[in-house]
$ cat upload-v7.cif   # mmCIF, C-alpha atoms and all ligand atoms
data_run
loop_
_atom_site.label_atom_id
_atom_site.label_comp_id
_atom_site.auth_asym_id
_atom_site.auth_seq_id
_atom_site.Cartn_x
_atom_site.Cartn_y
_atom_site.Cartn_z
CA MET A 1 -31.82 59.85 37.23
CA PRO A 2 -29.91 62.88 36.02
CA PRO A 3 -32.07 65.96 36.40
CA PRO A 4 -33.88 66.28 33.10
CA THR A 5 -33.06 69.20 30.87
CA GLY A 6 -36.58 69.09 29.48
CA SER A 7 -39.67 67.42 30.92
CA HIS A 8 -38.55 63.98 29.74
CA PRO A 9 -34.84 63.17 29.72
CA SER A 10 -33.59 61.72 26.46
CA VAL A 11 -31.42 58.70 25.82
CA LEU A 12 -29.89 57.17 22.71
CA ILE A 13 -29.06 53.47 22.97
CA THR A 14 -27.03 51.55 20.39
CA GLY A 15 -27.95 47.92 19.71
CA ALA A 16 -31.36 48.48 21.30
CA ASN A 17 -33.03 45.71 19.31
CA ARG A 18 -31.99 42.83 21.59
CA GLY A 19 -30.07 41.84 24.70
CA ILE A 20 -29.02 44.37 27.34
CA GLY A 21 -29.71 47.31 25.02
CA PHE A 22 -33.31 46.28 24.39
CA GLU A 23 -34.01 45.58 28.06
CA THR A 24 -32.52 48.92 29.11
CA ALA A 25 -34.56 50.70 26.43
CA LYS A 26 -37.71 49.03 27.79
CA LYS A 27 -36.98 50.09 31.35
CA LEU A 28 -36.24 53.68 30.39
CA ALA A 29 -39.27 53.90 28.07
CA ALA A 30 -41.46 52.67 30.94
CA LYS A 31 -40.00 55.46 33.10
CA ASN A 32 -41.09 58.02 30.51
CA TRP A 33 -37.66 58.74 29.10
CA GLN A 34 -37.56 59.95 25.51
CA VAL A 35 -35.87 56.84 24.11
CA ILE A 36 -34.09 56.87 20.78
CA ALA A 37 -33.71 53.17 20.13
CA THR A 38 -31.19 52.39 17.43
CA ALA A 39 -30.38 49.19 15.58
CA ARG A 40 -28.01 48.50 12.75
CA SER A 41 -30.65 46.91 10.53
CA ALA A 42 -32.41 49.23 8.07
CA SER A 43 -35.72 48.65 9.83
CA PHE A 44 -36.06 48.09 13.58
CA PRO A 45 -37.22 44.50 14.25
CA PRO A 46 -41.07 44.69 14.43
CA ALA A 47 -41.54 42.71 17.67
CA ALA A 48 -38.96 44.78 19.58
CA ARG A 49 -40.44 47.97 18.13
CA ALA A 50 -43.97 47.00 19.18
CA ALA A 51 -42.80 46.17 22.72
CA LEU A 52 -41.10 49.56 23.10
CA GLU A 53 -44.01 51.48 21.57
CA ALA A 54 -46.42 49.74 23.93
CA LEU A 55 -44.38 51.05 26.87
CA ASN A 56 -43.99 54.54 25.45
CA PRO A 57 -45.51 55.65 22.14
CA GLU A 58 -42.98 58.50 21.98
CA THR A 59 -40.10 56.05 21.45
CA GLU A 60 -38.11 56.82 18.31
CA PHE A 61 -36.43 54.26 16.11
CA LEU A 62 -33.31 54.93 14.09
CA SER A 63 -31.05 52.81 11.96
CA LEU A 64 -27.47 53.15 13.20
CA ASP A 65 -24.50 50.94 12.35
CA ILE A 66 -21.69 52.00 14.65
CA CYS A 67 -19.10 50.63 12.20
CA ASP A 68 -20.34 52.89 9.44
CA GLN A 69 -19.18 56.52 9.60
CA GLU A 70 -21.94 57.64 7.20
CA SER A 71 -24.56 56.06 9.44
CA ILE A 72 -23.05 57.77 12.50
CA GLN A 73 -22.95 61.13 10.71
CA ALA A 74 -26.54 60.76 9.48
CA THR A 75 -27.69 60.11 13.07
CA ALA A 76 -25.72 63.09 14.38
CA ASP A 77 -27.08 65.36 11.62
CA TYR A 78 -30.66 64.22 12.21
CA LEU A 79 -30.47 64.79 15.95
CA GLY A 80 -28.34 67.93 15.61
CA GLN A 81 -30.85 69.82 13.46
CA ARG A 82 -33.40 69.55 16.28
CA GLN A 83 -31.15 71.40 18.73
CA ALA A 84 -32.69 69.19 21.42
CA PRO A 85 -30.63 67.98 24.38
CA LEU A 86 -29.34 64.43 24.58
CA ASP A 87 -29.06 63.60 28.30
CA LEU A 88 -27.75 60.07 28.06
CA LEU A 89 -25.86 58.06 25.45
CA ILE A 90 -25.52 54.33 26.09
CA ASN A 91 -22.81 52.83 23.89
CA ASN A 92 -24.14 49.31 24.26
CA ALA A 93 -23.68 47.63 20.85
CA GLY A 94 -20.87 45.12 20.81
CA ILE A 95 -19.67 41.83 19.36
CA PHE A 96 -17.78 38.86 20.72
CA LEU A 97 -16.23 36.84 17.90
CA ASP A 98 -13.13 35.19 19.31
CA HIS A 99 -14.49 32.55 21.68
CA GLY A 100 -11.60 30.33 22.69
CA SER A 101 -9.05 31.76 20.27
CA SER A 102 -5.44 32.48 21.19
CA ILE A 103 -3.70 35.79 20.56
CA LEU A 104 -1.14 33.80 18.57
CA GLU A 105 -3.76 32.62 16.07
CA LEU A 106 -6.39 35.34 16.22
CA SER A 107 -7.54 36.21 12.71
CA GLU A 108 -6.99 39.70 11.31
CA HIS A 109 -10.69 39.77 10.46
CA ASP A 110 -11.87 39.08 14.02
CA LEU A 111 -9.36 41.53 15.49
CA THR A 112 -10.24 44.37 13.14
CA ARG A 113 -13.99 43.84 13.28
CA THR A 114 -14.00 43.62 17.06
CA LEU A 115 -11.95 46.80 17.49
CA ASN A 116 -14.09 48.63 14.95
CA THR A 117 -17.32 47.68 16.71
CA ASN A 118 -16.43 47.64 20.40
CA THR A 119 -13.82 50.38 20.54
CA LEU A 120 -13.83 52.75 17.58
CA GLY A 121 -17.62 52.73 17.12
CA PRO A 122 -18.35 54.14 20.59
CA LEU A 123 -15.57 56.73 20.20
CA ARG A 124 -16.79 57.88 16.78
CA LEU A 125 -20.43 58.01 17.86
CA THR A 126 -19.68 59.90 21.08
CA ARG A 127 -17.62 62.47 19.19
CA ALA A 128 -20.35 62.92 16.59
CA LEU A 129 -23.01 63.45 19.28
CA ILE A 130 -21.08 65.95 21.40
CA PRO A 131 -23.15 68.92 20.10
CA CYS A 132 -26.37 67.13 21.20
CA LEU A 133 -24.86 66.17 24.58
CA LYS A 134 -23.75 69.76 25.09
CA HIS A 135 -27.39 70.87 24.90
CA SER A 136 -28.04 68.90 28.11
CA SER A 137 -27.32 70.56 31.43
CA ARG A 138 -25.69 67.37 32.79
CA ALA A 139 -25.11 64.70 30.17
CA LEU A 140 -23.80 61.19 30.74
CA VAL A 141 -22.20 58.67 28.38
CA ILE A 142 -22.15 55.03 29.52
CA ASN A 143 -19.79 52.71 27.67
CA LEU A 144 -20.73 49.05 28.06
CA SER A 145 -17.38 47.54 28.93
CA SER A 146 -16.55 44.18 30.48
CA ALA A 147 -14.52 42.60 33.26
CA ALA A 148 -12.64 41.00 30.34
CA GLY A 149 -11.15 44.44 29.65
CA SER A 150 -9.63 44.74 33.11
CA LEU A 151 -5.83 44.62 32.81
CA SER A 152 -5.28 43.60 36.41
CA GLY A 153 -6.83 40.16 35.92
CA MET A 154 -6.06 39.66 32.23
CA LYS A 155 -4.58 36.41 30.94
CA ASP A 156 -5.15 34.90 27.49
CA TRP A 157 -8.94 34.70 27.30
CA SER A 158 -10.61 35.95 24.08
CA PRO A 159 -7.90 38.48 23.13
CA ALA A 160 -9.79 40.57 20.56
CA TYR A 161 -12.81 41.04 22.82
CA SER A 162 -10.67 41.65 25.92
CA LEU A 163 -8.38 44.23 24.41
CA SER A 164 -11.28 45.96 22.65
CA LYS A 165 -12.79 46.60 26.09
CA THR A 166 -9.44 47.62 27.63
CA ALA A 167 -9.12 50.21 24.88
CA LEU A 168 -12.75 51.27 25.42
CA ASN A 169 -11.88 51.84 29.08
CA ALA A 170 -8.95 54.02 28.01
CA ILE A 171 -11.25 55.95 25.67
CA THR A 172 -13.62 56.41 28.61
CA ARG A 173 -10.84 58.05 30.64
CA GLN A 174 -9.74 60.25 27.73
CA LEU A 175 -13.27 61.41 26.95
CA ALA A 176 -14.09 61.91 30.63
CA ALA A 177 -11.19 64.34 30.99
CA ALA A 178 -11.77 66.06 27.66
CA LEU A 179 -15.52 66.54 28.12
CA ALA A 180 -15.63 67.47 31.82
CA PRO A 181 -15.44 71.22 31.01
CA ASP A 182 -18.63 70.78 28.96
CA ASN A 183 -20.45 69.04 31.83
CA ILE A 184 -20.50 65.76 29.93
CA ALA A 185 -19.60 62.80 32.14
CA VAL A 186 -18.31 59.52 30.69
CA CYS A 187 -18.06 56.19 32.50
CA ALA A 188 -17.43 52.54 31.67
CA LEU A 189 -19.73 49.88 33.04
CA SER A 190 -19.29 46.14 33.42
CA PRO A 191 -22.76 44.55 33.37
CA GLY A 192 -21.60 41.21 34.77
CA TRP A 193 -22.02 37.92 32.92
CA VAL A 194 -25.48 38.21 31.44
CA LYS A 195 -27.82 35.70 29.81
CA THR A 196 -28.08 37.12 26.27
CA ASP A 197 -27.12 35.88 22.82
CA MET A 198 -23.60 37.05 23.66
CA GLY A 199 -23.45 35.84 27.26
CA GLY A 200 -25.06 32.47 26.57
CA THR A 201 -27.44 30.39 28.66
CA ASP A 202 -24.93 29.55 31.43
CA ALA A 203 -24.62 33.20 32.49
CA PRO A 204 -25.79 33.73 36.08
CA ARG A 205 -27.32 37.18 35.59
CA SER A 206 -30.65 37.83 33.86
CA VAL A 207 -30.89 40.58 31.28
CA GLU A 208 -33.53 42.26 33.49
CA GLU A 209 -31.05 42.40 36.37
CA ALA A 210 -28.32 43.83 34.10
CA ALA A 211 -30.67 46.55 32.86
CA ARG A 212 -31.86 47.26 36.41
CA ARG A 213 -28.25 47.89 37.44
CA ILE A 214 -27.77 50.33 34.58
CA ILE A 215 -30.92 52.22 35.58
CA GLN A 216 -29.78 52.22 39.21
CA LEU A 217 -26.56 53.94 38.14
CA LEU A 218 -28.64 56.87 36.93
CA GLU A 219 -29.55 57.70 40.51
CA THR A 220 -25.96 58.91 40.96
CA ALA A 221 -25.02 62.38 39.74
CA PRO A 222 -23.14 62.12 36.42
CA THR A 223 -20.18 64.09 37.77
CA GLU A 224 -19.66 61.40 40.43
CA LEU A 225 -19.49 58.74 37.73
CA ASN A 226 -17.08 60.62 35.48
CA GLY A 227 -13.98 58.65 34.45
CA ARG A 228 -14.92 55.56 36.47
CA PHE A 229 -15.14 51.86 35.59
CA ILE A 230 -18.12 50.56 37.51
CA ARG A 231 -19.66 47.20 38.29
CA ASP A 232 -22.83 47.02 40.41
CA GLY A 233 -22.34 50.55 41.73
CA ASP A 234 -18.73 50.02 42.89
CA ASP A 235 -15.41 50.70 41.20
CA HIS A 236 -14.09 47.80 39.13
CA PRO A 237 -10.31 47.34 38.94
CA TRP A 238 -8.91 48.75 35.69
N1 LIG B 301 -23.75 39.46 27.93
C1 LIG B 301 -22.70 39.55 28.71
O1 LIG B 301 -22.42 38.65 29.54
C2 LIG B 301 -21.82 40.78 28.67
C3 LIG B 301 -20.75 40.84 29.59
C4 LIG B 301 -19.93 41.95 29.59
C5 LIG B 301 -20.17 42.98 28.70
N2 LIG B 301 -21.20 42.90 27.81
C6 LIG B 301 -21.37 44.00 26.86
O2 LIG B 301 -22.71 44.47 26.90
C7 LIG B 301 -23.09 44.96 25.60
C8 LIG B 301 -24.39 44.30 25.17
O3 LIG B 301 -24.18 42.89 25.17
P1 LIG B 301 -25.36 41.83 24.95
O4 LIG B 301 -25.03 40.68 25.82
O5 LIG B 301 -26.68 42.49 25.05
O6 LIG B 301 -25.07 41.40 23.44
P2 LIG B 301 -26.04 40.81 22.31
O7 LIG B 301 -27.25 40.21 22.92
O8 LIG B 301 -25.16 39.98 21.44
O9 LIG B 301 -26.49 42.13 21.52
C9 LIG B 301 -25.51 42.89 20.86
C10 LIG B 301 -26.18 44.10 20.25
O10 LIG B 301 -25.16 44.88 19.60
C11 LIG B 301 -25.62 45.15 18.27
N3 LIG B 301 -24.54 45.41 17.33
C12 LIG B 301 -23.47 44.65 17.03
N4 LIG B 301 -22.73 45.25 16.09
C13 LIG B 301 -23.35 46.43 15.78
C14 LIG B 301 -23.08 47.49 14.89
N5 LIG B 301 -22.01 47.49 14.06
N6 LIG B 301 -23.90 48.57 14.88
C15 LIG B 301 -24.99 48.60 15.69
N7 LIG B 301 -25.33 47.61 16.53
C16 LIG B 301 -24.50 46.53 16.58
C17 LIG B 301 -26.43 43.91 17.89
O11 LIG B 301 -27.20 44.18 16.74
P3 LIG B 301 -27.65 43.00 15.70
O12 LIG B 301 -28.92 42.42 16.26
O13 LIG B 301 -27.83 43.74 14.42
O14 LIG B 301 -26.53 42.01 15.64
C18 LIG B 301 -27.22 43.72 19.16
O15 LIG B 301 -28.29 44.61 19.22
C19 LIG B 301 -21.91 44.66 24.67
O16 LIG B 301 -21.12 45.81 24.52
C20 LIG B 301 -21.14 43.58 25.42
O17 LIG B 301 -19.77 43.56 25.09
C21 LIG B 301 -22.03 41.81 27.78
#
$ encode --input "upload-v7.cif" --output "structure tokens"
Amino acid sequence: MPPPTGSHPSVLITGANRGIGFETAKKLAAKNWQVIATARSASFPPAARAALEALNPETEFLSLDICDQESIQATADYLGQRQAPLDLLINNAGIFLDHGSSILELSEHDLTRTLNTNTLGPLRLTRALIPCLKHSSRALVINLSSAAGSLSGMKDWSPAYSLSKTALNAITRQLAAALAPDNIAVCALSPGWVKTDMGGTDAPRSVEEAARRIIQLLETAPTELNGRFIRDGDDHPW
């Protein structure tokens, strides 16, 4: 874990109501992190909320739609007025709309929505939360990327999703360089193919295993992770 700035390190997770985000929130709450669990719905789903509160009553719940600039700004303002450090931001929320579509027929709607959610959302949120991250002595931003975003192996599979993650990887590199002077590290992480609503039932990796790998990453100093694209602790080809 990164050395905590306060007694309990803090983490904000997007899309923490289900899937990898929820499981990671559970694991960090159980480890006594100050978890700010966000979901795009106006009220956090009651069952997920109860599960997180049972693990750590200090868990906070915020509504945050990463495609909505007002929602992003409201979150940044709310956290900013506390002047409290944010040690970890996990840009987890994402969508996968273009199963089986070709880049020649991909709809404008799917392309725009995917880029807005998977690429521009994490960039806009990270920028808005820089003041909170700066309050931490060693902050880390983890962008949930995908092997689909790796250019070296790219063919014609799910173009909107793939290129949204390639661009997220590029944003990771840009932010990593720009924020290094402020001691804010930024990395991209491929969680593997995971059994969630997005990954489907054929995926070989459980959501618990995916979350465990994310937590394991926190044993490495943030500066060693800066600017890297990582899968299971090793560098993934860009
Ligand atoms: N599962 C895999 O095999 C796999 C593989 C590689 C990478 N990833 C990446 O890992 C991350 C998590 O994936 P997952 O499998 O856990 O997906 P998931 O089960 O489909 O969950 C996606 C989460 O993102 C949230 N979300 C979507 N759009 C949002 C928005 N505009 N604002 C806020 N939240 C939003 C969803 O909220 P709602 O409940 O409101 O829809 C949900 O909480 C994604 O970035 C994904 O691309 C997953």
$ closest_residue --input "upload-v7.cif" --among "A:Ser136, A:Val141, A:Asn17, A:Leu125" --to "Glu70 (chain A)" --atoms "only C-alpha atoms"
A:Leu125
$ atom_distance --input "upload-v7.cif" --atom1 "atom N7 of ligand LIG 301 (chain B)" --atom2 "CA of Gly94 (chain A)"
6.7 Å
$ residues_near_ligand --input "upload-v7.cif" --ligand "ligand LIG 301 (chain B)" --cutoff "7 Å" --atoms "all atoms listed in the file" --output "MDAnalysis selection string"
chainID A and resid 14:21 39:41 64:67 92:96 117:118 144:147 190:199 203
$ closest_residue --input "upload-v7.cif" --among "A:Leu79, A:Ala29, A:Leu111, A:Ala74" --to "Pro9 (chain A)" --atoms "all atoms listed in the file"
A:Ala29
$ closest_residue --input "upload-v7.cif" --among "A:Ser43, A:Thr166, A:Ser158, A:Thr172" --to "Ser101 (chain A)" --atoms "all atoms listed in the file"
A:Ser158
$ build_atoms --input "upload-v7.cif" --residues "region 176-195 of chain A" --atoms "N, CA, C and O atoms" --output "mmCIF file, keeping the file's coordinate frame"
data_model
loop_
_atom_site.group_PDB
_atom_site.id
_atom_site.type_symbol
_atom_site.label_atom_id
_atom_site.label_comp_id
_atom_site.auth_asym_id
_atom_site.auth_seq_id
_atom_site.Cartn_x
_atom_site.Cartn_y
_atom_site.Cartn_z
ATOM 1 N N ALA A 176 -13.640 61.343 29.350
ATOM 2 C CA ALA A 176 -14.090 61.910 30.630
ATOM 3 C C ALA A 176 -13.315 63.187 30.945
ATOM 4 O O ALA A 176 -13.903 64.194 31.370
ATOM 5 N N ALA A 177 -12.010 63.148 30.715
ATOM 6 C CA ALA A 177 -11.190 64.340 30.990
ATOM 7 C C ALA A 177 -11.475 65.441 29.974
ATOM 8 O O ALA A 177 -11.607 66.615 30.329
ATOM 9 N N ALA A 178 -11.606 65.048 28.716
ATOM 10 C CA ALA A 178 -11.770 66.060 27.660
ATOM 11 C C ALA A 178 -13.142 66.733 27.711
ATOM 12 O O ALA A 178 -13.274 67.896 27.332
ATOM 13 N N LEU A 179 -14.156 66.001 28.180
ATOM 14 C CA LEU A 179 -15.520 66.540 28.120
ATOM 15 C C LEU A 179 -16.008 67.120 29.454
ATOM 16 O O LEU A 179 -17.079 67.738 29.502
ATOM 17 N N ALA A 180 -15.213 66.938 30.505
ATOM 18 C CA ALA A 180 -15.630 67.470 31.820
ATOM 19 C C ALA A 180 -15.934 68.968 31.765
ATOM 20 O O ALA A 180 -16.940 69.416 32.354
ATOM 21 N N PRO A 181 -15.124 69.781 31.061
ATOM 22 C CA PRO A 181 -15.440 71.220 31.010
ATOM 23 C C PRO A 181 -16.800 71.520 30.392
ATOM 24 O O PRO A 181 -17.381 72.571 30.634
ATOM 25 N N ASP A 182 -17.310 70.581 29.582
ATOM 26 C CA ASP A 182 -18.630 70.780 28.960
ATOM 27 C C ASP A 182 -19.750 70.131 29.762
ATOM 28 O O ASP A 182 -20.881 69.996 29.265
ATOM 29 N N ASN A 183 -19.433 69.699 30.983
ATOM 30 C CA ASN A 183 -20.450 69.040 31.830
ATOM 31 C C ASN A 183 -20.984 67.765 31.213
ATOM 32 O O ASN A 183 -22.159 67.430 31.358
ATOM 33 N N ILE A 184 -20.126 67.064 30.482
ATOM 34 C CA ILE A 184 -20.500 65.760 29.930
ATOM 35 C C ILE A 184 -19.650 64.717 30.658
ATOM 36 O O ILE A 184 -18.421 64.751 30.575
ATOM 37 N N ALA A 185 -20.312 63.838 31.395
ATOM 38 C CA ALA A 185 -19.600 62.800 32.140
ATOM 39 C C ALA A 185 -19.558 61.516 31.298
ATOM 40 O O ALA A 185 -20.481 61.237 30.529
ATOM 41 N N VAL A 186 -18.483 60.764 31.459
ATOM 42 C CA VAL A 186 -18.310 59.520 30.690
ATOM 43 C C VAL A 186 -17.831 58.428 31.645
ATOM 44 O O VAL A 186 -16.848 58.627 32.372
ATOM 45 N N CYS A 187 -18.524 57.300 31.663
ATOM 46 C CA CYS A 187 -18.060 56.190 32.500
ATOM 47 C C CYS A 187 -18.135 54.877 31.728
ATOM 48 O O CYS A 187 -18.823 54.765 30.706
ATOM 49 N N ALA A 188 -17.381 53.896 32.226
ATOM 50 C CA ALA A 188 -17.430 52.540 31.670
ATOM 51 C C ALA A 188 -18.159 51.665 32.675
ATOM 52 O O ALA A 188 -18.023 51.854 33.888
ATOM 53 N N LEU A 189 -18.929 50.717 32.156
ATOM 54 C CA LEU A 189 -19.730 49.880 33.040
ATOM 55 C C LEU A 189 -19.589 48.413 32.649
ATOM 56 O O LEU A 189 -19.727 48.062 31.481
ATOM 57 N N SER A 190 -19.285 47.592 33.642
ATOM 58 C CA SER A 190 -19.290 46.140 33.420
ATOM 59 C C SER A 190 -20.640 45.609 33.882
ATOM 60 O O SER A 190 -20.996 45.743 35.054
ATOM 61 N N PRO A 191 -21.409 44.990 32.969
ATOM 62 C CA PRO A 191 -22.760 44.550 33.370
ATOM 63 C C PRO A 191 -22.778 43.209 34.080
ATOM 64 O O PRO A 191 -23.840 42.750 34.501
ATOM 65 N N GLY A 192 -21.620 42.573 34.239
ATOM 66 C CA GLY A 192 -21.600 41.210 34.770
ATOM 67 C C GLY A 192 -21.759 40.227 33.610
ATOM 68 O O GLY A 192 -21.814 40.634 32.443
ATOM 69 N N TRP A 193 -21.829 38.964 33.949
ATOM 70 C CA TRP A 193 -22.020 37.920 32.920
ATOM 71 C C TRP A 193 -23.515 37.699 32.770
ATOM 72 O O TRP A 193 -24.183 37.231 33.689
ATOM 73 N N VAL A 194 -24.034 38.065 31.619
ATOM 74 C CA VAL A 194 -25.480 38.210 31.440
ATOM 75 C C VAL A 194 -26.005 37.231 30.380
ATOM 76 O O VAL A 194 -25.412 37.066 29.312
ATOM 77 N N LYS A 195 -27.149 36.657 30.702
ATOM 78 C CA LYS A 195 -27.820 35.700 29.810
ATOM 79 C C LYS A 195 -28.403 36.431 28.603
ATOM 80 O O LYS A 195 -29.512 36.941 28.637
#
